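Chemist: Pasting a structure here, questions to come.
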Amino acid sequence: MGKSVRIMSLFLRTVICVGIFYTILPVALASASSEDSWSTGTAGGTARISHTSVVYNGKIYSWGGVNVSRRQILNTLDIYDIAHDSWSTGTAGGTARSEHSSVLYNGKIYSWGGSDGNGCLGTMDIYDIAHDSWSTGATSPVAKEQHTSVVYNGKIYSWGGRDGDTTFNDVDIYDIAHNSWSAGTAGGHGRYTHTSVLYNSKIYSWGGVTGYSSFMDIYDVTNDSWSAGTASDTNRVNQSSSGLYDGRIYSWGGRGGDNDLLNTISIYDIVNDSWSVGTVGGTARENHASILYYGKIYSWGGTSESGSLNTLDIYDTSVLPTYKNLPNDNREINLDEGQIVTESPYTLKVRPSTGSGITGVNFYVDDTLLCTITNPDSDGVYSCDWDTEKYHSDVRVLTYFERNDPIALERSTIVQATSTQTATAQSSATQDSTILPETGANTKGDKNIAVSIISIVTLCIACRFFWTKKMTIQ
């Protein structure tokens, strides 16, 4: 009797240990893979500060700024190839300037404002990437430096900055197609050497030199109005251009409130209006430029305690692509598990995260590919019309990315015939029920039955094992 108890105890402890192992292991692996981290790229280009950078087709274009060692304001162009971790140069051009802003639009880089060493500028230089050539745009009514700019719907919105002793909270708007300037409603806390990003037609500006550098000012482009977000607990000036990824704003480097150079990273979650921090890393610096590309932030140039830099620090957010909730809906797909669907066609909708270069979204029903969608609507939603009279059970969505593995989303549904479909089914005498048959080869119902059978068989074998062992020992 004692031996049988010991055998049963040993078996149960083994089962428990295996269960814990297979429960904890995926969680541990997921946690390890989600940690943010730092690395470096190849140093290159001309060491410079107060320049700008944009990314286009996997290459980072850095222009302007100051070569401190030569006390020279630059109009040269350094190009970093991300995939090959290598450097080259483009044609120098435009007015040499620093403390300006640059945006990318339709393969051209628009650089405006800044200083040429003699005063602030209102001129616009335009670099055509494909043709490696330079041109100019209209001069603005206002000259300023240390401002920020973003582009939205063919217009460049520039905010903040200064001209000598005057600090601005004005919005200057450049219409690219019409090569003309206008003004938006002034608002927010006037500041300079801050950072700004665009998200869902709103411009989020934070940090910089002002009495309120930890405050978040939000400009609604559509309504031409201002609001405020939650202030952070960190003040930063001379920070880089921030990166936006998966609904979060990442700001790194700069100089803190205690006048120390920083290599910390502040993360603002736009949806939850909350702040967090990332892993500290990279060379503490200010007056650099940062670019976010496929979940990684590339920070180059600037100045450290030892002088101006041409080194490259890379921060990996390790934020994997996900499906976001649909607009005005708290679901990732407009279907619930087990939902009864009566419409035909039924429009399937998903909204994958857009930070990792989506190449296409495939919609399957019953292992049959219904749609491959490459372009979302203005809200980032991908849609596919599902003929529920033809395909009736499991829905599976796969989103493909340039760098990440595809992510899947699945729902098991029941398609219920409409009155027209019911009449057709009854007249053909092929089905008595108003629930349409499942056409998939591997439905979840079949899977559940199989799992149940396997579980029962396993239990029977286990019981037989214990009973046999017990009888043998006795």
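Numbering starts fresh at 1 for the residues of each chain in the structure tokens, the chains themselves are lettered A, B, ... in the order given, and ligands are numbered from 1 as they appear.
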For A:Tyr268, list every protein, DNA or RNA residue within 9 Å, evaluated using only C-alpha atoms, and leave out those in the same chain fewer than 6 positions away; present the list as a compact mmCIF listing (two decimals) with N, CA and C atoms, in the first residue's frame.

Modeler:
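Listing of selection_19.txt after writing:
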```txt
# COMPACT_ATOMS: atom_id res chain seq x y z
N SER A 232 5.26 65.70 -17.64
CA SER A 232 6.17 64.64 -17.20
C SER A 232 6.91 65.09 -15.94
N GLY A 247 1.73 54.50 -31.02
CA GLY A 247 0.98 55.36 -30.12
C GLY A 247 1.76 55.89 -28.95
N ARG A 248 3.10 55.78 -29.00
CA ARG A 248 3.94 56.27 -27.92
C ARG A 248 5.00 57.22 -28.47
N ILE A 249 5.29 58.28 -27.71
CA ILE A 249 6.31 59.24 -28.09
C ILE A 249 7.56 58.95 -27.27
N TYR A 250 8.69 58.76 -27.96
CA TYR A 250 9.96 58.46 -27.31
C TYR A 250 10.89 59.67 -27.42
N SER A 251 11.32 60.20 -26.29
CA SER A 251 12.24 61.34 -26.26
C SER A 251 13.49 60.95 -25.49
N SER A 274 -0.17 59.16 -20.27
CA SER A 274 0.68 58.80 -19.12
C SER A 274 2.13 58.67 -19.55
N TRP A 275 3.03 58.77 -18.57
CA TRP A 275 4.47 58.73 -18.83
C TRP A 275 5.11 57.50 -18.20
N SER A 276 6.14 57.01 -18.86
CA SER A 276 6.97 55.95 -18.30
C SER A 276 8.41 56.19 -18.77
N VAL A 277 9.31 55.32 -18.39
CA VAL A 277 10.71 55.48 -18.79
C VAL A 277 11.19 54.20 -19.46
```

Chemist: Please report, as a ChimeraX atom specification, each residue of stretch 162-251 of chain A to which DSSP assigns strand (DSSP E or B) when run on this structure's backbone.

Modeler: /A:162-163,166-167,171-175,180-184,192,195-199,202-206,209,216-220,225-229,236-237,243-245,248-251

Chemist: Generate a file of the selected residues that holds N, CA and C atoms, formatted as a tab-separated table (two decimals), in the first residue's frame.

Modeler:
```tsv
chain	number	residue	atom	x	y	z
A	162	ARG	N	12.30	80.83	-31.36
A	162	ARG	CA	12.58	82.18	-30.87
A	162	ARG	C	13.31	82.99	-31.93
A	163	ASP	N	13.37	84.28	-31.69
A	163	ASP	CA	14.16	85.22	-32.50
A	163	ASP	C	14.78	86.21	-31.52
A	166	THR	N	12.80	87.05	-28.12
A	166	THR	CA	11.37	86.76	-28.25
A	166	THR	C	11.15	85.25	-28.39
A	167	THR	N	10.33	84.69	-27.50
A	167	THR	CA	9.96	83.29	-27.56
A	167	THR	C	8.54	83.19	-28.13
A	171	VAL	N	1.81	79.50	-34.64
A	171	VAL	CA	1.76	78.40	-35.59
A	171	VAL	C	1.93	78.98	-37.00
A	172	ASP	N	3.01	78.62	-37.66
A	172	ASP	CA	3.26	79.04	-39.04
A	172	ASP	C	2.98	77.86	-39.96
A	173	ILE	N	2.22	78.08	-41.03
A	173	ILE	CA	1.76	77.00	-41.90
A	173	ILE	C	2.23	77.25	-43.33
A	174	TYR	N	2.96	76.28	-43.88
A	174	TYR	CA	3.43	76.38	-45.26
A	174	TYR	C	2.66	75.38	-46.12
A	175	ASP	N	1.96	75.87	-47.12
A	175	ASP	CA	1.22	75.04	-48.06
A	175	ASP	C	2.17	74.63	-49.17
A	180	SER	N	2.96	78.72	-50.32
A	180	SER	CA	2.50	79.94	-49.65
A	180	SER	C	2.42	79.72	-48.14
A	181	TRP	N	2.40	80.83	-47.40
A	181	TRP	CA	2.38	80.80	-45.94
A	181	TRP	C	1.09	81.37	-45.38
A	182	SER	N	0.68	80.81	-44.23
A	182	SER	CA	-0.46	81.35	-43.48
A	182	SER	C	-0.18	81.08	-42.00
A	183	ALA	N	-1.12	81.46	-41.16
A	183	ALA	CA	-0.93	81.31	-39.71
A	183	ALA	C	-2.11	80.56	-39.10
A	184	GLY	N	-1.81	79.74	-38.10
A	184	GLY	CA	-2.84	79.09	-37.30
A	184	GLY	C	-3.00	79.82	-35.98
A	192	TYR	N	11.35	76.92	-26.87
A	192	TYR	CA	12.28	76.58	-27.95
A	192	TYR	C	13.17	75.43	-27.50
A	195	THR	N	10.48	69.49	-28.63
A	195	THR	CA	10.26	68.44	-29.63
A	195	THR	C	8.77	68.33	-29.91
A	196	SER	N	8.42	67.93	-31.13
A	196	SER	CA	7.02	67.81	-31.54
A	196	SER	C	6.84	66.59	-32.44
A	197	VAL	N	5.69	65.92	-32.29
A	197	VAL	CA	5.33	64.83	-33.20
A	197	VAL	C	3.86	64.95	-33.56
A	198	LEU	N	3.49	64.33	-34.68
A	198	LEU	CA	2.11	64.33	-35.15
A	198	LEU	C	1.49	62.96	-34.91
A	199	TYR	N	0.26	62.94	-34.39
A	199	TYR	CA	-0.46	61.69	-34.20
A	199	TYR	C	-1.95	61.95	-34.34
A	202	LYS	N	-3.13	65.55	-34.58
A	202	LYS	CA	-2.80	66.41	-33.45
A	202	LYS	C	-1.28	66.47	-33.28
A	203	ILE	N	-0.78	67.66	-32.94
A	203	ILE	CA	0.66	67.86	-32.77
A	203	ILE	C	0.96	67.95	-31.27
A	204	TYR	N	1.84	67.07	-30.80
A	204	TYR	CA	2.19	67.00	-29.39
A	204	TYR	C	3.58	67.61	-29.21
A	205	SER	N	3.67	68.68	-28.42
A	205	SER	CA	4.94	69.39	-28.21
A	205	SER	C	5.29	69.37	-26.73
A	206	TRP	N	6.56	69.07	-26.46
A	206	TRP	CA	6.98	68.84	-25.07
A	206	TRP	C	8.43	69.26	-24.88
A	209	VAL	N	13.04	75.03	-23.67
A	209	VAL	CA	13.32	76.13	-22.75
A	209	VAL	C	12.06	76.96	-22.58
A	216	MET	N	2.98	69.33	-21.62
A	216	MET	CA	2.65	68.82	-22.95
A	216	MET	C	1.56	69.70	-23.54
A	217	ASP	N	1.88	70.37	-24.66
A	217	ASP	CA	0.90	71.18	-25.38
A	217	ASP	C	0.45	70.43	-26.62
A	218	ILE	N	-0.85	70.43	-26.88
A	218	ILE	CA	-1.42	69.66	-27.98
A	218	ILE	C	-2.22	70.58	-28.90
A	219	TYR	N	-1.82	70.59	-30.16
A	219	TYR	CA	-2.51	71.41	-31.17
A	219	TYR	C	-3.32	70.51	-32.09
A	220	ASP	N	-4.62	70.74	-32.13
A	220	ASP	CA	-5.51	69.99	-33.00
A	220	ASP	C	-5.54	70.68	-34.36
A	225	SER	N	-7.19	74.27	-32.65
A	225	SER	CA	-7.42	74.56	-31.24
A	225	SER	C	-6.34	73.90	-30.38
A	226	TRP	N	-6.25	74.32	-29.12
A	226	TRP	CA	-5.20	73.86	-28.21
A	226	TRP	C	-5.77	73.17	-26.98
A	227	SER	N	-5.02	72.19	-26.47
A	227	SER	CA	-5.33	71.55	-25.20
A	227	SER	C	-4.01	71.14	-24.56
A	228	ALA	N	-4.10	70.50	-23.40
A	228	ALA	CA	-2.88	70.12	-22.67
A	228	ALA	C	-2.93	68.64	-22.31
A	229	GLY	N	-1.76	68.00	-22.32
A	229	GLY	CA	-1.63	66.64	-21.84
A	229	GLY	C	-0.95	66.64	-20.48
A	236	ARG	N	13.53	68.50	-20.09
A	236	ARG	CA	14.59	68.32	-21.09
A	236	ARG	C	14.65	69.54	-21.99
A	237	VAL	N	15.85	69.98	-22.29
A	237	VAL	CA	16.08	70.99	-23.32
A	237	VAL	C	17.14	70.45	-24.27
A	243	GLY	N	10.57	60.35	-31.48
A	243	GLY	CA	10.03	59.36	-32.38
A	243	GLY	C	8.66	58.89	-31.92
A	244	LEU	N	7.77	58.64	-32.87
A	244	LEU	CA	6.44	58.13	-32.57
A	244	LEU	C	6.36	56.69	-33.03
A	245	TYR	N	5.97	55.78	-32.13
A	245	TYR	CA	5.85	54.37	-32.50
A	245	TYR	C	4.74	53.73	-31.69
A	248	ARG	N	3.10	55.78	-29.00
A	248	ARG	CA	3.94	56.27	-27.92
A	248	ARG	C	5.00	57.22	-28.47
A	249	ILE	N	5.29	58.28	-27.71
A	249	ILE	CA	6.31	59.24	-28.09
A	249	ILE	C	7.56	58.95	-27.27
A	250	TYR	N	8.69	58.76	-27.96
A	250	TYR	CA	9.96	58.46	-27.31
A	250	TYR	C	10.89	59.67	-27.42
A	251	SER	N	11.32	60.20	-26.29
A	251	SER	CA	12.24	61.34	-26.26
A	251	SER	C	13.49	60.95	-25.49
```

Chemist: Could you list, with a cut-off of 6 Å and counting only C-alpha atoms, the residues of stretch 259-358 of chain A near stretch 44-52 of chain A, each shown with its nearest atom pair and the distance in Å rounded to one decimal, rows sorted by chain and ascending number, as a Markdown table?

Modeler:
```
| residue | atom | partner | partner_atom | distance |
| --- | --- | --- | --- | --- |
| A:Asn287 | CA | A:Ser50 | CA | 4.9 |
| A:His288 | CA | A:Ile49 | CA | 5.8 |
| A:Ala289 | CA | A:Thr52 | CA | 5.8 |
| A:Gly301 | CA | A:Arg48 | CA | 5.6 |
| A:Gly302 | CA | A:Ile49 | CA | 4.3 |
| A:Ser308 | CA | A:Ala47 | CA | 5.9 |
| A:Leu309 | CA | A:Ala47 | CA | 4.9 |
| A:Asn310 | CA | A:Ala47 | CA | 4.3 |
```

Chemist: Quote the spacing between atom CA of A:Ile176 and atom CA of A:Gly137 in Å to one decimal place.

Modeler: 8.5 Å

Chemist: Each residue of stretch 294-325 of chain A lying at most 12 Å from stretch 67-84 of chain A should get a row with its shortest atom-to-atom pair and the distance in Å to one decimal, counting only C-alpha atoms; could you produce that, ordered by chain and increasing number, as a tab-separated table?

Modeler:
```
residue	atom	partner	partner_atom	distance
A:Tyr294	CA	A:Ile82	CA	10.8
A:Lys296	CA	A:Ile82	CA	10.6
A:Ile297	CA	A:Ile82	CA	11.3
A:Tyr298	CA	A:Ile82	CA	9.2
A:Ser299	CA	A:Tyr80	CA	11.4
A:Trp300	CA	A:Tyr80	CA	9.9
A:Gly301	CA	A:Asn67	CA	10.2
A:Gly302	CA	A:Asn67	CA	9.9
A:Thr303	CA	A:Val68	CA	9.1
A:Ser304	CA	A:Val68	CA	11.9
A:Ser306	CA	A:Ser69	CA	11.8
A:Gly307	CA	A:Val68	CA	8.2
A:Ser308	CA	A:Val68	CA	6.6
A:Leu309	CA	A:Asn67	CA	9.6
A:Asn310	CA	A:Asp78	CA	10.4
A:Thr311	CA	A:Tyr80	CA	11.4
A:Leu312	CA	A:Tyr80	CA	9.9
A:Ile314	CA	A:Ile82	CA	10.7
```

Chemist: Hey, what does DSSP flag as helix (DSSP H, G or I) within stretch 190-434 of chain A? Can you give it to me as a PyMOL selection string?

Modeler: chain A and resi 419-427

Chemist: Kindly give the distance, in Å, that separates atom CA of A:Arg411 and atom CA of A:Cys371, rounded to a single decimal.

Modeler: 16.5 Å

Chemist: What does the structure give for the distance between atom CA of A:Tyr346 and atom CA of A:Asn330, in Å to one decimal?

Modeler: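 That distance, rounded to one decimal, is 18.7 Å.
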
Chemist: Taking into account only C-alpha atoms, which residue in the set A:Gly282, A:Gly154, A:Gly357, A:Pro141 is nearest to A:Tyr110?

Modeler: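 So, comparing all the options, the nearest one is A:Gly154.
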
Chemist: Got a sec: who's within 10 Å of A:Tyr382, counting only C-alpha atoms, leaving out chain neighbours fewer than 5 positions off, as an MDAnalysis selection string?

Modeler: chainID A and resid 348:352 360:363 372:377 399

Chemist: For the residues in the current selection, export N, CA and C atoms as a tab-separated table (two decimals), in the first residue's frame.

Modeler:
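See result.tsv below for the written result:
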```tsv
chain	number	residue	atom	x	y	z
A	348	LEU	N	-15.51	42.56	-42.70
A	348	LEU	CA	-14.55	42.34	-41.62
A	348	LEU	C	-13.62	43.54	-41.52
A	349	LYS	N	-13.27	43.94	-40.29
A	349	LYS	CA	-12.42	45.11	-40.09
A	349	LYS	C	-11.39	44.83	-39.00
A	350	VAL	N	-10.13	45.21	-39.25
A	350	VAL	CA	-9.07	45.14	-38.24
A	350	VAL	C	-8.21	46.40	-38.34
A	351	ARG	N	-7.46	46.67	-37.27
A	351	ARG	CA	-6.61	47.85	-37.24
A	351	ARG	C	-5.26	47.47	-36.61
A	352	PRO	N	-4.34	46.89	-37.40
A	352	PRO	CA	-3.02	46.54	-36.85
A	352	PRO	C	-2.19	47.78	-36.57
A	360	GLY	N	0.84	44.02	-46.03
A	360	GLY	CA	-0.46	43.54	-46.47
A	360	GLY	C	-1.19	42.83	-45.35
A	361	VAL	N	-2.51	42.79	-45.47
A	361	VAL	CA	-3.36	42.09	-44.51
A	361	VAL	C	-4.20	41.06	-45.27
A	362	ASN	N	-4.07	39.79	-44.88
A	362	ASN	CA	-4.83	38.71	-45.52
A	362	ASN	C	-6.01	38.31	-44.65
A	363	PHE	N	-7.17	38.19	-45.25
A	363	PHE	CA	-8.38	37.75	-44.56
A	363	PHE	C	-8.75	36.35	-45.06
A	372	THR	N	-6.65	40.24	-49.93
A	372	THR	CA	-5.34	40.75	-49.54
A	372	THR	C	-5.40	42.26	-49.68
A	373	ILE	N	-5.35	42.96	-48.56
A	373	ILE	CA	-5.51	44.42	-48.54
A	373	ILE	C	-4.18	45.07	-48.21
A	374	THR	N	-3.75	46.01	-49.03
A	374	THR	CA	-2.47	46.69	-48.79
A	374	THR	C	-2.62	48.13	-48.34
A	375	ASN	N	-3.79	48.72	-48.52
A	375	ASN	CA	-3.99	50.13	-48.15
A	375	ASN	C	-5.16	50.27	-47.18
A	376	PRO	N	-4.91	50.84	-45.99
A	376	PRO	CA	-6.00	51.04	-45.03
A	376	PRO	C	-6.75	52.34	-45.31
A	377	ASP	N	-7.82	52.57	-44.55
A	377	ASP	CA	-8.50	53.86	-44.65
A	377	ASP	C	-7.76	54.88	-43.79
A	399	THR	N	-1.57	39.70	-40.59
A	399	THR	CA	-0.96	40.96	-41.01
A	399	THR	C	0.53	40.74	-41.19
```

Chemist: Measuring between only C-alpha atoms, which one of A:Ile291, A:Val365, A:Ala92, A:Val151 shows the shortest distance to A:Asp125?

Modeler: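 That would be A:Ala92, the residue with the smallest distance to A:Asp125.
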
Chemist: With distances taken over only C-alpha atoms, which of A:Glu402, A:Asp132, A:Glu305, A:Asp224 is nearest to A:Asn259?

Modeler: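 Smallest distance to A:Asn259 is found for A:Glu305.
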
Chemist: Would you mind telling me which residue in A:Tyr293, A:Trp112, A:Trp386, A:Phe168 lies nearest to A:Ser149 when using only C-alpha atoms?

Modeler: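 Nearest to A:Ser149: A:Trp112.
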